[in-house]
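Enquirer: My structure is in upload-v6.cif, and what it holds is mmCIF, C-alpha atoms:
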```cif
data_target
#
loop_
_atom_site.label_atom_id
_atom_site.label_comp_id
_atom_site.auth_asym_id
_atom_site.auth_seq_id
_atom_site.Cartn_x
_atom_site.Cartn_y
_atom_site.Cartn_z
CA MET X 1 -10.47 5.00 58.89
CA SER X 2 -7.57 6.35 56.84
CA VAL X 3 -7.20 9.91 55.60
CA VAL X 4 -5.74 11.42 52.45
CA LEU X 5 -2.78 13.75 52.80
CA VAL X 6 -2.46 16.34 50.03
CA HIS X 7 0.59 18.40 49.02
CA ASP X 8 0.04 20.35 45.79
CA ASP X 9 -0.66 17.61 43.21
CA ARG X 10 0.53 14.75 45.44
CA GLU X 11 -1.82 12.57 47.46
CA TYR X 12 -1.16 9.79 49.96
CA LEU X 13 -3.59 7.41 51.69
CA VAL X 14 -2.42 6.99 55.28
CA ALA X 15 -3.82 5.29 58.37
CA PRO X 16 -3.97 7.45 61.54
CA GLY X 17 -0.92 6.90 63.71
CA ASP X 18 1.29 5.83 60.80
CA GLU X 19 4.50 7.44 59.62
CA LEU X 20 4.59 8.80 56.06
CA GLN X 21 8.01 8.92 54.41
CA THR X 22 8.40 11.07 51.29
CA ASP X 23 11.13 13.03 49.54
CA LEU X 24 9.55 16.07 51.20
CA GLY X 25 10.36 14.69 54.62
CA VAL X 26 8.92 12.37 57.25
CA LEU X 27 5.46 13.04 58.62
CA ASP X 28 4.04 11.53 61.81
CA VAL X 29 0.27 11.26 61.34
CA PRO X 30 -1.69 11.78 64.58
CA GLU X 31 -4.21 9.22 65.80
CA ASP X 32 -7.18 11.53 65.21
CA PRO X 33 -6.32 13.95 62.36
CA GLU X 34 -9.10 16.42 61.60
CA PRO X 35 -9.97 17.13 57.95
CA GLY X 36 -8.56 20.49 56.91
CA THR X 37 -5.68 20.35 59.38
CA VAL X 38 -2.25 21.21 57.97
CA LEU X 39 0.56 18.91 59.11
CA GLU X 40 4.25 19.48 58.46
CA THR X 41 7.06 17.05 57.72
CA HIS X 42 10.35 17.27 59.61
CA LEU X 43 11.54 19.46 56.70
CA GLY X 44 8.64 21.87 57.17
CA GLU X 45 6.68 20.83 54.07
CA PRO X 46 2.89 21.20 54.58
CA PHE X 47 0.36 18.42 53.97
CA THR X 48 -3.38 19.04 54.28
CA VAL X 49 -5.60 16.34 55.81
CA ARG X 50 -8.61 15.39 53.68
CA ALA X 51 -11.42 13.03 54.69
CA LEU X 52 -11.48 9.73 52.82
CA ARG X 53 -14.11 9.51 50.08
CA GLY X 54 -15.00 6.74 47.67
CA PRO X 55 -12.90 7.96 44.72
CA ASP X 56 -9.85 7.98 46.97
CA LEU X 57 -10.17 4.22 47.33
CA PHE X 58 -9.80 3.76 43.58
CA SER X 59 -6.86 6.13 43.39
CA HIS X 60 -4.84 4.94 46.38
CA PHE X 61 -5.55 1.25 47.04
CA GLU X 62 -2.68 -1.12 46.35
CA ARG X 63 -3.64 -2.85 43.11
CA THR X 64 -3.39 -6.51 42.18
CA GLY X 65 -4.88 -6.09 38.71
CA ALA X 66 -7.30 -3.86 36.85
CA PRO X 67 -9.92 -2.75 39.41
CA MET X 68 -13.53 -2.07 38.51
CA MET X 69 -13.85 1.55 37.42
CA PRO X 70 -15.90 4.06 39.45
CA ARG X 71 -18.47 4.33 36.64
CA ASP X 72 -19.03 0.56 36.79
CA ILE X 73 -19.30 0.62 40.58
CA GLY X 74 -21.81 3.45 40.36
CA LEU X 75 -23.95 1.45 37.97
CA VAL X 76 -23.85 -1.58 40.29
CA MET X 77 -24.90 0.50 43.28
CA GLY X 78 -27.58 2.37 41.34
CA GLU X 79 -29.14 -0.70 39.72
CA THR X 80 -29.15 -2.89 42.85
CA GLY X 81 -29.92 -0.16 45.39
CA VAL X 82 -27.45 -1.69 47.84
CA GLY X 83 -27.54 0.11 51.18
CA GLN X 84 -27.56 0.01 54.94
CA GLY X 85 -28.09 -3.45 56.41
CA ASP X 86 -27.79 -5.39 53.14
CA ARG X 87 -25.81 -8.61 52.95
CA VAL X 88 -23.65 -8.89 49.83
CA LEU X 89 -21.88 -11.91 48.39
CA ASP X 90 -19.01 -10.91 46.12
CA ALA X 91 -16.64 -13.08 44.08
CA GLY X 92 -13.51 -11.88 42.33
CA THR X 93 -12.34 -9.47 45.03
CA GLY X 94 -9.22 -8.28 43.27
CA THR X 95 -8.10 -4.97 44.73
CA GLY X 96 -11.33 -4.78 46.74
CA VAL X 97 -12.57 -1.42 45.50
CA LEU X 98 -16.14 -2.65 44.91
CA SER X 99 -16.32 -4.35 48.31
CA ALA X 100 -15.09 -1.19 50.02
CA TYR X 101 -17.65 0.99 48.23
CA LEU X 102 -20.46 -1.38 49.19
CA ALA X 103 -19.33 -1.50 52.81
CA ARG X 104 -19.10 2.28 52.99
CA ALA X 105 -22.74 2.35 51.82
CA GLY X 106 -23.64 0.28 54.89
CA ALA X 107 -23.61 -3.27 53.52
CA THR X 108 -21.91 -6.28 55.04
CA VAL X 109 -19.80 -8.04 52.41
CA THR X 110 -18.46 -11.57 52.14
CA THR X 111 -16.00 -11.64 49.25
CA PHE X 112 -13.97 -14.47 47.72
CA GLU X 113 -10.61 -14.10 45.96
CA GLN X 114 -8.93 -17.08 44.29
CA ASP X 115 -5.35 -15.82 44.71
CA PRO X 116 -4.25 -15.91 48.39
CA GLU X 117 -1.73 -13.09 47.86
CA PHE X 118 -4.39 -10.91 46.24
CA ALA X 119 -6.67 -11.67 49.18
CA ASP X 120 -4.01 -10.47 51.62
CA VAL X 121 -3.68 -7.20 49.71
CA ALA X 122 -7.47 -6.78 49.72
CA ARG X 123 -7.58 -7.28 53.50
CA GLU X 124 -5.01 -4.53 53.98
CA ASN X 125 -6.99 -2.28 51.63
CA MET X 126 -10.13 -2.89 53.70
CA ARG X 127 -8.19 -1.87 56.81
CA LEU X 128 -7.03 1.33 55.14
CA ALA X 129 -10.61 2.07 54.09
CA GLY X 130 -11.85 1.51 57.64
CA VAL X 131 -14.32 -1.20 56.59
CA ASP X 132 -12.46 -4.33 57.68
CA ASP X 133 -15.20 -4.92 60.26
CA ARG X 134 -17.81 -5.13 57.47
CA VAL X 135 -15.86 -6.94 54.73
CA ASP X 136 -14.88 -10.58 55.19
CA VAL X 137 -12.21 -11.38 52.59
CA ARG X 138 -11.89 -15.12 52.02
CA SER X 139 -9.39 -17.01 49.88
CA GLY X 140 -10.60 -19.57 47.37
CA ASP X 141 -13.37 -20.42 44.93
CA VAL X 142 -16.81 -19.31 46.08
CA ARG X 143 -18.66 -22.18 44.39
CA PRO X 144 -17.88 -24.98 46.91
CA HIS X 145 -19.14 -22.73 49.73
CA LEU X 146 -22.49 -21.67 48.28
CA ASP X 147 -24.48 -24.16 50.36
CA ASP X 148 -23.06 -22.81 53.62
CA LEU X 149 -23.25 -19.05 53.21
CA GLY X 150 -26.94 -18.34 53.74
CA ASN X 151 -28.96 -15.80 51.78
CA PHE X 152 -27.99 -12.39 50.46
CA ASP X 153 -29.66 -9.22 49.26
CA VAL X 154 -27.14 -8.67 46.46
CA ILE X 155 -24.62 -10.88 44.65
CA THR X 156 -21.80 -9.24 42.70
CA LEU X 157 -19.54 -11.31 40.45
CA ASP X 158 -16.35 -10.49 38.56
CA THR X 159 -15.12 -13.97 37.62
CA GLY X 160 -14.83 -16.03 34.46
CA ASP X 161 -17.19 -18.67 35.88
CA ALA X 162 -19.85 -16.22 37.05
CA ALA X 163 -22.56 -18.09 35.11
CA ASP X 164 -22.13 -21.05 37.48
CA VAL X 165 -22.98 -18.86 40.46
CA VAL X 166 -25.83 -17.13 38.62
CA ALA X 167 -27.37 -20.56 38.06
CA ARG X 168 -27.53 -20.94 41.86
CA ALA X 169 -28.81 -17.40 42.49
CA PRO X 170 -32.48 -18.25 43.25
CA GLY X 171 -31.33 -20.29 46.25
CA LEU X 172 -28.94 -17.60 47.43
CA LEU X 173 -30.95 -14.38 47.05
CA GLU X 174 -33.60 -12.96 49.31
CA SER X 175 -36.89 -12.15 47.62
CA GLY X 176 -36.34 -9.06 45.47
CA GLY X 177 -32.57 -9.42 45.63
CA PHE X 178 -30.25 -8.68 42.72
CA VAL X 179 -27.32 -10.32 41.01
CA ALA X 180 -24.80 -8.16 39.14
CA VAL X 181 -22.15 -9.64 36.86
CA TYR X 182 -19.19 -7.69 35.49
CA SER X 183 -17.08 -8.97 32.60
CA PRO X 184 -14.79 -7.41 30.00
CA PHE X 185 -15.79 -10.15 27.52
CA VAL X 186 -18.99 -10.62 25.55
CA GLU X 187 -18.88 -14.43 25.74
CA GLN X 188 -18.87 -14.53 29.56
CA THR X 189 -21.52 -11.83 29.65
CA ARG X 190 -23.83 -13.79 27.38
CA ALA X 191 -23.32 -16.96 29.44
CA ALA X 192 -24.31 -15.09 32.61
CA ALA X 193 -27.40 -13.56 31.00
CA GLU X 194 -28.53 -16.94 29.64
CA ALA X 195 -27.98 -18.58 33.02
CA ALA X 196 -30.11 -15.89 34.68
CA ARG X 197 -32.98 -16.47 32.26
CA ASP X 198 -32.69 -20.27 32.54
CA VAL X 199 -33.25 -20.18 36.32
CA GLY X 200 -36.15 -17.75 36.12
CA LEU X 201 -34.58 -14.50 37.25
CA SER X 202 -36.43 -11.43 36.02
CA GLY X 203 -35.40 -8.16 34.42
CA VAL X 204 -32.27 -9.60 32.86
CA THR X 205 -30.47 -6.60 31.36
CA THR X 206 -26.94 -6.06 30.09
CA TYR X 207 -25.19 -2.70 29.66
CA GLU X 208 -21.90 -1.78 28.09
CA THR X 209 -20.24 0.95 30.14
CA ILE X 210 -18.62 3.65 28.03
CA GLN X 211 -17.54 7.03 29.33
CA ARG X 212 -16.00 9.88 27.36
CA GLN X 213 -14.34 12.90 28.91
CA MET X 214 -15.24 16.28 27.45
CA GLN X 215 -12.50 18.53 26.08
CA PHE X 216 -12.84 22.33 26.05
CA ASP X 217 -10.38 24.67 24.33
CA ASP X 218 -10.27 27.85 22.26
CA ARG X 219 -11.26 26.01 19.09
CA GLY X 220 -14.42 24.48 20.53
CA SER X 221 -15.87 21.69 22.64
CA ARG X 222 -15.95 17.97 21.89
CA PRO X 223 -15.45 14.57 23.51
CA SER X 224 -11.83 13.63 24.08
CA THR X 225 -10.26 11.60 21.27
CA ARG X 226 -8.17 9.56 23.71
CA GLY X 227 -9.48 6.00 23.90
CA VAL X 228 -13.01 4.74 23.44
CA GLY X 229 -13.87 4.69 27.13
CA HIS X 230 -14.98 1.01 27.19
CA THR X 231 -14.38 -0.92 30.39
CA GLY X 232 -16.75 -3.86 30.31
CA TYR X 233 -20.26 -5.26 30.42
CA LEU X 234 -22.62 -5.40 33.38
CA THR X 235 -25.54 -7.80 33.58
CA PHE X 236 -28.28 -7.41 36.17
CA ALA X 237 -31.11 -9.74 37.15
CA ARG X 238 -33.56 -9.99 40.03
CA HIS X 239 -35.06 -12.76 42.12
CA GLU X 240 -38.85 -12.49 42.53
#
```
Would you write out, as structure tokens, the structure that this file holds?

Expert:
Amino acid sequence: MSVVLVHDDREYLVAPGDELQTDLGVLDVPEDPEPGTVLETHLGEPFTVRALRGPDLFSHFERTGAPMMPRDIGLVMGETGVGQGDRVLDAGTGTGVLSAYLARAGATVTTFEQDPEFADVARENMRLAGVDDRVDVRSGDVRPHLDDLGNFDVITLDTGDAADVVARAPGLLESGGFVAVYSPFVEQTRAAAEAARDVGLSGVTTYETIQRQMQFDDRGSRPSTRGVGHTGYLTFARHE
């Protein structure tokens, strides 16, 4: 599993054994760096080794688009209870942040990404996260493969055609399993919720995720006025 190297306000995600090249010098990363160890570049600049945590994945993965935000991922994990030993079917891999979080929680993930180049980036990100043995990144549309994948404990979808997969969810989910659909658009969200109800899934619920950072100064305390904090909508449903 990779580590994070920190120098003042700079951070780098590096795999053990790799060489890190920066304007502060070249650093040879040992095969088994211990968290808290201070390493020096050939110019004598210190970098502190920090253990990889979930938020580091969001900050340092190579991106192929707008990844799901940590607050959205947290809601997915909290609402579905995904954990050790679960099988997860994911579609719309993108950068792979969600898949990596789920795998680090102990799940085994099969994820589909339409763009082959994006899928290659996601595979490299899984390697950096140390979860490439638990995340199978596949290229293509998930829908033609639904009959051959078996059953899952959780299905997570971040695609424009998510409603099509939700309509098949009763035949894909284990008893008590969940489907979670993320979308930035109301229309796709409504289609997914209606599809869930049409096939008899229970507890169909949609949330809008909004987060505001607090601002503290000498004048007083209030939410930050920068942005509205909206990322998207999350719909959850459960198979009886």

Enquirer: List the neighbours of Gln188 in chain X out to 9 Å using only C-alpha atoms; skip same-chain residues closer than 4 positions along the sequence, and give me the result as a VMD selection string.

Expert: chain X and resid 159 to 163 183 to 184 192 to 193

Enquirer: Run the PyMOL selection byres ((chain X and resi 6) around 8) on the file and write out the hits as a PyMOL selection string.

Expert: chain X and resi 4-5+7-12+47-50

Enquirer: Near Val199 in chain X, counting only C-alpha atoms, which residues have an atom at most 10 Å away, once you skip same-chain residues fewer than 3 positions from it, shown as a VMD selection string?

Expert: chain X and resid 166 to 170 194 to 196 202 239

Enquirer: Leaving out Val204 in chain X and any residue of its chain fewer than 2 positions from it, which residues lie within 8 Å of it when counting only C-alpha atoms, given as a PyMOL selection string?

Expert: chain X and resi 193+196-197+201-202+206+235-238

Enquirer: Any idea what's packed within 7 Å of range 65-77 of chain X, counting only C-alpha atoms, ignoring anything in its chain fewer than 6 positions away? Could you give it as a count of residues only?

Expert: 6

Enquirer: Pull the closest atom pair for each residue of range 33-106 of chain X that gets at most 8 Å from range 130-139 of chain X, along with the distance in Å to one decimal, counting all atoms listed in the file, ordering rows by chain and then ascending residue number, as JSON lines.

Expert:
```
{"residue": "X:Thr93", "atom": "CA", "partner": "X:Val137", "partner_atom": "CA", "distance": 7.8}
{"residue": "X:Ser99", "atom": "CA", "partner": "X:Val135", "partner_atom": "CA", "distance": 6.9}
{"residue": "X:Ala100", "atom": "CA", "partner": "X:Val131", "partner_atom": "CA", "distance": 6.6}
{"residue": "X:Ala103", "atom": "CA", "partner": "X:Arg134", "partner_atom": "CA", "distance": 6.1}
{"residue": "X:Arg104", "atom": "CA", "partner": "X:Val131", "partner_atom": "CA", "distance": 6.9}
```

Enquirer: What does the structure give for the distance between CA of Leu173 in chain X and CA of Gln84 in chain X, in Å to one decimal?

Expert: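 Calculated distance between CA of Leu173 in chain X and CA of Gln84 in chain X is 16.8 Å.
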
Enquirer: Out of X:Phe178, X:Phe216, X:Tyr233, X:Phe58, which residue has the shortest atom-to-atom distance to Gly78 in chain X when counting all atoms listed in the file?

Expert: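 Result for the nearest residue to Gly78 in chain X: X:Phe178.
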
Enquirer: Select, from X:Tyr207, X:Phe61, X:Phe112, X:Phe185, the residue with the minimum atom-to-atom distance to Thr156 in chain X, counting all atoms listed in the file.

Expert: X:Phe112

Enquirer: So what does the PyMOL selection byres ((chain X and resi 117-125) around 6) actually pick up in this one, as a list in words?

Expert: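 For this structure, the PyMOL selection byres ((chain X and resi 117-125) around 6) resolves to Phe61, Thr95, Gly96, Glu113, Asp115, Pro116, Met126, Arg127 and Leu128 of chain X.
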
Enquirer: For the point (-25.1, 0.7, 50.8) in the file's frame, write as a PDB file with C-alpha atoms, keeping the file's coordinate frame all residues with an atom no more than 10 Å away, counting all atoms listed in the file.

Expert:
```pdb
ATOM      1  CA  MET X  77     -24.900   0.500  43.280  1.00  0.00           C
ATOM      2  CA  GLY X  78     -27.580   2.370  41.340  1.00  0.00           C
ATOM      3  CA  THR X  80     -29.150  -2.890  42.850  1.00  0.00           C
ATOM      4  CA  GLY X  81     -29.920  -0.160  45.390  1.00  0.00           C
ATOM      5  CA  VAL X  82     -27.450  -1.690  47.840  1.00  0.00           C
ATOM      6  CA  GLY X  83     -27.540   0.110  51.180  1.00  0.00           C
ATOM      7  CA  GLN X  84     -27.560   0.010  54.940  1.00  0.00           C
ATOM      8  CA  GLY X  85     -28.090  -3.450  56.410  1.00  0.00           C
ATOM      9  CA  ASP X  86     -27.790  -5.390  53.140  1.00  0.00           C
ATOM     10  CA  ARG X  87     -25.810  -8.610  52.950  1.00  0.00           C
ATOM     11  CA  VAL X  88     -23.650  -8.890  49.830  1.00  0.00           C
ATOM     12  CA  TYR X 101     -17.650   0.990  48.230  1.00  0.00           C
ATOM     13  CA  LEU X 102     -20.460  -1.380  49.190  1.00  0.00           C
ATOM     14  CA  ALA X 103     -19.330  -1.500  52.810  1.00  0.00           C
ATOM     15  CA  ARG X 104     -19.100   2.280  52.990  1.00  0.00           C
ATOM     16  CA  ALA X 105     -22.740   2.350  51.820  1.00  0.00           C
ATOM     17  CA  GLY X 106     -23.640   0.280  54.890  1.00  0.00           C
ATOM     18  CA  ALA X 107     -23.610  -3.270  53.520  1.00  0.00           C
ATOM     19  CA  THR X 108     -21.910  -6.280  55.040  1.00  0.00           C
TER      20      THR X 108
END
```
